[in-house]
Structures are given as C-alpha cells and as structure tokens.
Protein chains: 2
Amino acid sequence: MLLCDIGNTSYHFYDGENQYKKSVLDFDPTSLKEKIYFISVNKALESLLLSLQNWINLSNFIDRSRYYESMGIDRVVALETTSNAVIVDAGSAITVDVVRDGLFEGGFIYPGLKAMHETYKRISPALNYEFNFDLDLENLAKNSQDAISYGVLKLLYSEVLSYELPVILTGGDASSLKRVFLEATVEDRLIFKGMQNIIEREL
Amino acid sequence: MLLCDIGNTSYHFYDGENQYKKSVLDFDPTSLKEKIYFISVNKALESLLLSLQNWINLSNFIDRSRYYESMGIDRVVALETTSNAVIVDAGSAITVDVVRDGLFEGGFIYPGLKAMHETYKRISPALNYEFNFDLDLENLAKNSQDAISYGVLKLLYSEVLSYELPVILTGGDASSLKRVFLEATVEDRLIFKGMQNIIEREL
C-alpha cells in the first residue's frame with residue numbers, strides 16, 4: 001500500500017517504511033500500477049487523478065463539516081490523528097491548529113521560517129540574520145539578531161503554549177522549532193498516520 | 001526651530017506645527033539656512049551633514065550606553081519620551097521596546113503589516129487577504145482571512161499586552177493597529193517629542 005500527500009510542488013510518498021518525493025513537474029502518475037491512497041491540495045492534479053482508478057482520493061472519506069471550507073486537506077488529515085493537541089505544521093507556512101476533546105477549536109496561519117527570514121531581509125539588509133534558536137525566551141532582546149528571533153519565535157511559542165495542550169510539531173522545519181518548543185513531540189509522518197487512520201476506519 | 005528625522009527613504013520634518021516629508025533622492029539639505037536638529041538612521045546622509053554647520057546631530061547628546069549598539073537612533077529617541085511604556089513603532093518593520101521605571105528592558109522586531117501581507121501572498125495566492133482588524137481575538141480562526149489576521153495581529157497583541165505597561169503606538173500603521181490595541185495611545189509625533197526633550201535637557 002502506497003500513501004501520497006500531494007502538494008503544490010511535489011508528490012510526497014510513504015510506502016510504510018520510507019518517505020520520498022517526486023516533483024509534480026516530471027512525475028507521471030500513470031507510471032504506478034498499484035493502489036495509491038492520496039490527498040491533494042493541488043486542485044489541478046486532483047482533477048487529473050480522477051481518471052486513474054488506482055489513485056484513491058481519501059478526501060472523499062472525511063467529514064469536512066467539522067472544519068472550515070478553505071482549510072487545506074493536509075491540515076484536516078493531521079487533525080484526524082488526535083483528539084487533544086496543538087498541531088504545528090512548519091513548512092512554507094506554519095499552520096497551527098487546536099483540537100480539544102475531539103473538537104476542532106480553530107487555528108491560525110503564520111509565515112514559515114524561510115519566508116520570515118526573507119521578509120526581514122527585504123525590509124532592511126540590517127535585519128538579514130539567521131534566527132537564533134537558542135534565544136532566551138524569558139527576556140526581551142538586546143541585539144538585532146535576537147530582536148528578530150524573538151519576534152518570530154517567542155510570539156509563536158507563547159501563543160502555542162497558551163492552549164495548555166500537548167504540542168505536536170510536523171513539517172520540514174519541525175526539528176528547528178523543537179529547539180524552542182522543548183516540550184513538544186516531533187512527528188514527521190503525521191499526515192501519513194492520519195491517512196492510515198482514515199483507511200482503517202472507512203475502507 | 002526645525003526638527004528632522006532622517007530615514008532610508010525620506011527626510012521627515014516637523015516645524016512645531018506641521019509634519020512633512022522630502023525624498024532623500026532629490027532634497028538638497030544645503031537649501032535650508034536655519035538651524036535644523038536631526039537624527040538619522042541613514043549613515044550616508046549623516047556623514048554628508050557633518051559638513052553643514054546648521055544641521056545639528058542630536059545623537060551626540062544621547063547616552064546610548066543604556067541601549068544596544070545596533071539599535072536605530074529613532075527607537076532610542078522614542079524611548080527617551082517615557083519611563084514606563086511599551087512603544088510599538090509600526091512602519092516597514094514593527095519595533096517593540098519596553099521601558100520600565102526608566103530602564104530599557106529590551107525589545108523585539110516584527111515585520112511591518114505591509115511586509116507581512118506580501119509574505120503571505122508570496123507563500124500562496126490562497127493567502128492573499130487583507131488583514132481583518134475587527135478580528136475576534138478571543139477565539140481561534142475558522143476561515144483563511146481570519147487565520148492569517150490572527151497569526152499576525154493576535155500574536156503581536158498578546159506579547160505586547162504581556163508586559164502590563166501602557167502601550168504607545170506610533171509610525172505609519174499606528175492607526176490600523178489601534179483597531180486591535182483598543183487600550184493603546186496613538187502618538188504620531190513621538191520621535192519629535194523625544195527630540196524636543198533632548199534639546200530642552202541638553203542644549
């Protein structure tokens with residue numbers, strides 16, 4: 001059984017053991033003959049895959065009424081893995097979603113770490129610093145590198161901790177954020193775990 | 001008496017009554033014959049003005065040892081206006097500085113509202129929304145516009161309020177932020193007030 005999380009730039013596969021990515025630009029989905037369970041935030045590809053019988057769209061098996069309409073299916077699937085947590089998915093954007101006693105409370109979207117770095121750099125070359133993940137979160141900053149690191153990391157940290165729930169970090173920058181969110185759990189296969197839950201429950 | 005706050009793109013004048021700006025690209029500082037008290041974050045212009053006797057650099061009259069080295073002189077001068085406040089200067093960047101019992105505790109730098117809007121837009125066209133300043137700050141977001149608005153505004157709001165000090169808003173986006181920071185005071189001449197304090201005290 002092959003699972004696939006399709007984004008705007010890549011097919012992200014998981015075969016039960018390994019994860020690997022293929023570019024949407026040159027990967028041919030008809031080259032696979034086995035059954036693939038997928039989700040997709042890529043509307044164009046999703047339509048294309050409708051015609052392939054071995055590509056099964058798991059979004060058809062999810063009750064989306066619990067969530068909001070424009071919410072990405074990847075966020076929804078990640079939320080289906082837990083009934084009490086804050087899920088922080090740190091990719092090109094950082095999505096933060098709260099589920100408490102099995103109910104989705106809502107969330108917010110923060111720019112990703114790379115995007116934030118670019119933003120500061122564009123505002124002024126004087127703000128072109130790497131973030132300091134070893135920042136002292138208890139005290140305001142007294143140099144420029146810490147001042148931007150605090151702006152990005154401390155504000156996110158305080159908000160996420162304010163829900164008083166276990167914190168799950170996922171996405172490409174999960175391990176960077178773990179240096180700040182010491183109490184958090186890193187789950188690098190959260191989406192695939194969610195997809196497996198749906199398959200076990202619905203199919 | 002003319003006051004001038006020189007930035008990277010403009011000379012910002014205050015004549016005691018009105019404020020006006022001149023572009024650094026085409027304004028000739030030798031065209032003014034009266035005495036001008038100025039501060040500058042623009043290093044090139046600061047050097048040029050050294051040769052003009054009627055342009056008096058107020059940064060020479062400020063004890064900067066209380067602050068950190070790379071901190072912009074505009075932030076320092078704003079802080080000289082108060083002994084107990086959080087100063088939020090919302091321009092191309094949003095600088096937040098805390099002074100308590102006359103002591104500078106530190107600060108942080110957040111991207112400006114325009115920069116944040118651009119950042120979300122660049123991450124995905126699906127995040128190209130204007131911020132909702134009438135956002136419900138008590139509840140997590142359940143639509144995309146509120147999700148990014150919450151990400152920017154609520155996180156800043158919570159952090160600023162956490163110091164439990166009066167909040168002073170200044171800079172070009174002060175009035176936008178006032179819609180969220182209901183308790184705050186907007187001071188659109190804070191830098192000039194700071195400059196006047198220094199002149200009265202030192203000259």
# chains A, B, ... in the order shown; residues from 1 in each chain; ligands from 1
>>> calpha_fit_rmsd(fixed="chain A", moving="chain B")
0.0 Å
>>> interface_residues(of="chain A", to="chain B", cutoff="6 Å", atoms="only C-alpha atoms", output="list in words")
Tyr68, Gly106, Gly107, Phe108, Ile109, Tyr110, Leu140, Ala141, Lys142, Ala147, Ile148, Tyr150, Gly151 and Leu155 of chain A
>>> residues_around(residues="stretch 76-84 of chain B", least_positions_apart="2", cutoff="6 Å", atoms="only C-alpha atoms", output="VMD selection string")
chain B and resid 73 to 74 99 to 102 190 to 191 194
>>> write_last_selection(atoms="C-alpha atoms", output="CSV table (one decimal), in the first residue's frame")
chain,number,residue,atom,x,y,z
B,73,ILE,CA,18.6,56.1,16.9
B,74,ASP,CA,14.9,56.6,16.2
B,99,VAL,CA,11.0,50.7,29.3
B,100,ARG,CA,10.1,50.2,32.9
B,101,ASP,CA,10.9,52.5,35.8
B,102,GLY,CA,13.1,54.4,33.4
B,190,LEU,CA,6.7,60.6,19.3
B,191,ILE,CA,10.1,61.0,17.7
B,194,GLY,CA,11.7,62.8,22.1
>>> atom_distance(atom1="atom CA of A:Ala85", atom2="atom CA of A:Met195")
17.6 Å
>>> residues_around(residues="B:Ala174", least_positions_apart="3", cutoff="8 Å", atoms="only C-alpha atoms", output="count of residues only")
9
>>> select_by_dssp(residues="stretch 9-183 of chain B", states="strand (DSSP E or B)", output="number ranges by chain")
B: 10-14, 19-23, 36-40, 55-57, 85-90, 93-100, 103-111, 141, 167-170
>>> write_last_selection(atoms="C-alpha atoms", output="PDB file, in the first residue's frame")
ATOM      1  CA  SER B  10      12.974  60.417   3.364  1.00  0.00           C
ATOM      2  CA  TYR B  11      13.662  63.480   5.459  1.00  0.00           C
ATOM      3  CA  HIS B  12      10.741  63.801   7.878  1.00  0.00           C
ATOM      4  CA  PHE B  13      10.432  67.401   9.090  1.00  0.00           C
ATOM      5  CA  TYR B  14       8.456  68.954  11.940  1.00  0.00           C
ATOM      6  CA  GLN B  19       4.968  67.498   9.597  1.00  0.00           C
ATOM      7  CA  TYR B  20       6.133  66.958   6.018  1.00  0.00           C
ATOM      8  CA  LYS B  21       8.473  64.680   4.132  1.00  0.00           C
ATOM      9  CA  LYS B  22      11.103  65.171   1.425  1.00  0.00           C
ATOM     10  CA  SER B  23      12.677  62.381  -0.566  1.00  0.00           C
ATOM     11  CA  ILE B  36      17.878  72.028  11.991  1.00  0.00           C
ATOM     12  CA  TYR B  37      18.102  69.482  14.779  1.00  0.00           C
ATOM     13  CA  PHE B  38      18.158  65.994  13.326  1.00  0.00           C
ATOM     14  CA  ILE B  39      18.612  62.288  13.931  1.00  0.00           C
ATOM     15  CA  SER B  40      19.432  59.851  11.128  1.00  0.00           C
ATOM     16  CA  TRP B  55      22.426  70.719  10.783  1.00  0.00           C
ATOM     17  CA  ILE B  56      22.886  69.556  14.393  1.00  0.00           C
ATOM     18  CA  ASN B  57      23.002  65.833  15.053  1.00  0.00           C
ATOM     19  CA  ALA B  85       5.650  52.048  28.466  1.00  0.00           C
ATOM     20  CA  VAL B  86       5.736  49.626  25.602  1.00  0.00           C
ATOM     21  CA  ILE B  87       6.464  51.597  22.438  1.00  0.00           C
ATOM     22  CA  VAL B  88       5.188  49.976  19.253  1.00  0.00           C
ATOM     23  CA  ASP B  89       6.550  51.752  16.173  1.00  0.00           C
ATOM     24  CA  ALA B  90       4.680  50.307  13.207  1.00  0.00           C
ATOM     25  CA  ALA B  93       9.180  46.930  10.451  1.00  0.00           C
ATOM     26  CA  ILE B  94       7.324  46.964  13.771  1.00  0.00           C
ATOM     27  CA  THR B  95       9.759  47.653  16.580  1.00  0.00           C
ATOM     28  CA  VAL B  96       8.541  46.936  20.098  1.00  0.00           C
ATOM     29  CA  ASP B  97      10.539  48.335  23.010  1.00  0.00           C
ATOM     30  CA  VAL B  98       9.905  48.142  26.716  1.00  0.00           C
ATOM     31  CA  VAL B  99      10.974  50.729  29.252  1.00  0.00           C
ATOM     32  CA  ARG B 100      10.084  50.172  32.907  1.00  0.00           C
ATOM     33  CA  LEU B 103      15.169  51.310  32.451  1.00  0.00           C
ATOM     34  CA  PHE B 104      15.250  49.836  28.941  1.00  0.00           C
ATOM     35  CA  GLU B 105      14.339  46.134  29.276  1.00  0.00           C
ATOM     36  CA  GLY B 106      14.885  45.230  25.621  1.00  0.00           C
ATOM     37  CA  GLY B 107      12.647  44.768  22.636  1.00  0.00           C
ATOM     38  CA  PHE B 108      11.930  42.838  19.501  1.00  0.00           C
ATOM     39  CA  ILE B 109      11.392  43.434  15.800  1.00  0.00           C
ATOM     40  CA  TYR B 110       8.390  42.126  13.914  1.00  0.00           C
ATOM     41  CA  PRO B 111       7.794  42.612  10.177  1.00  0.00           C
ATOM     42  CA  ALA B 141      -9.818  31.450  13.406  1.00  0.00           C
ATOM     43  CA  VAL B 167       1.066  50.894  25.176  1.00  0.00           C
ATOM     44  CA  ILE B 168       2.092  53.743  22.865  1.00  0.00           C
ATOM     45  CA  LEU B 169       1.540  53.281  19.125  1.00  0.00           C
ATOM     46  CA  THR B 170       3.461  55.341  16.607  1.00  0.00           C
TER      47      THR B 170
END
>>> select_by_dssp(residues="chain B", states="helix (DSSP H, G or I)", output="number ranges by chain")
B: 29-31, 43-49, 58-61, 64-66, 73-79, 113-123, 125-127, 144-161, 174-178, 190-202
>>> residues_around(residues="B:Pro29", least_positions_apart="4", cutoff="10 Å", atoms="only C-alpha atoms", output="PyMOL selection string")
chain B and resi 11+24+33+36+45+48-49+52+54-55
>>> atom_distance(atom1="atom CA of A:Ser31", atom2="atom CA of A:Ser59")
22.5 Å
>>> atom_distance(atom1="atom CA of A:Asp5", atom2="atom CA of A:Phe192")
7.8 Å
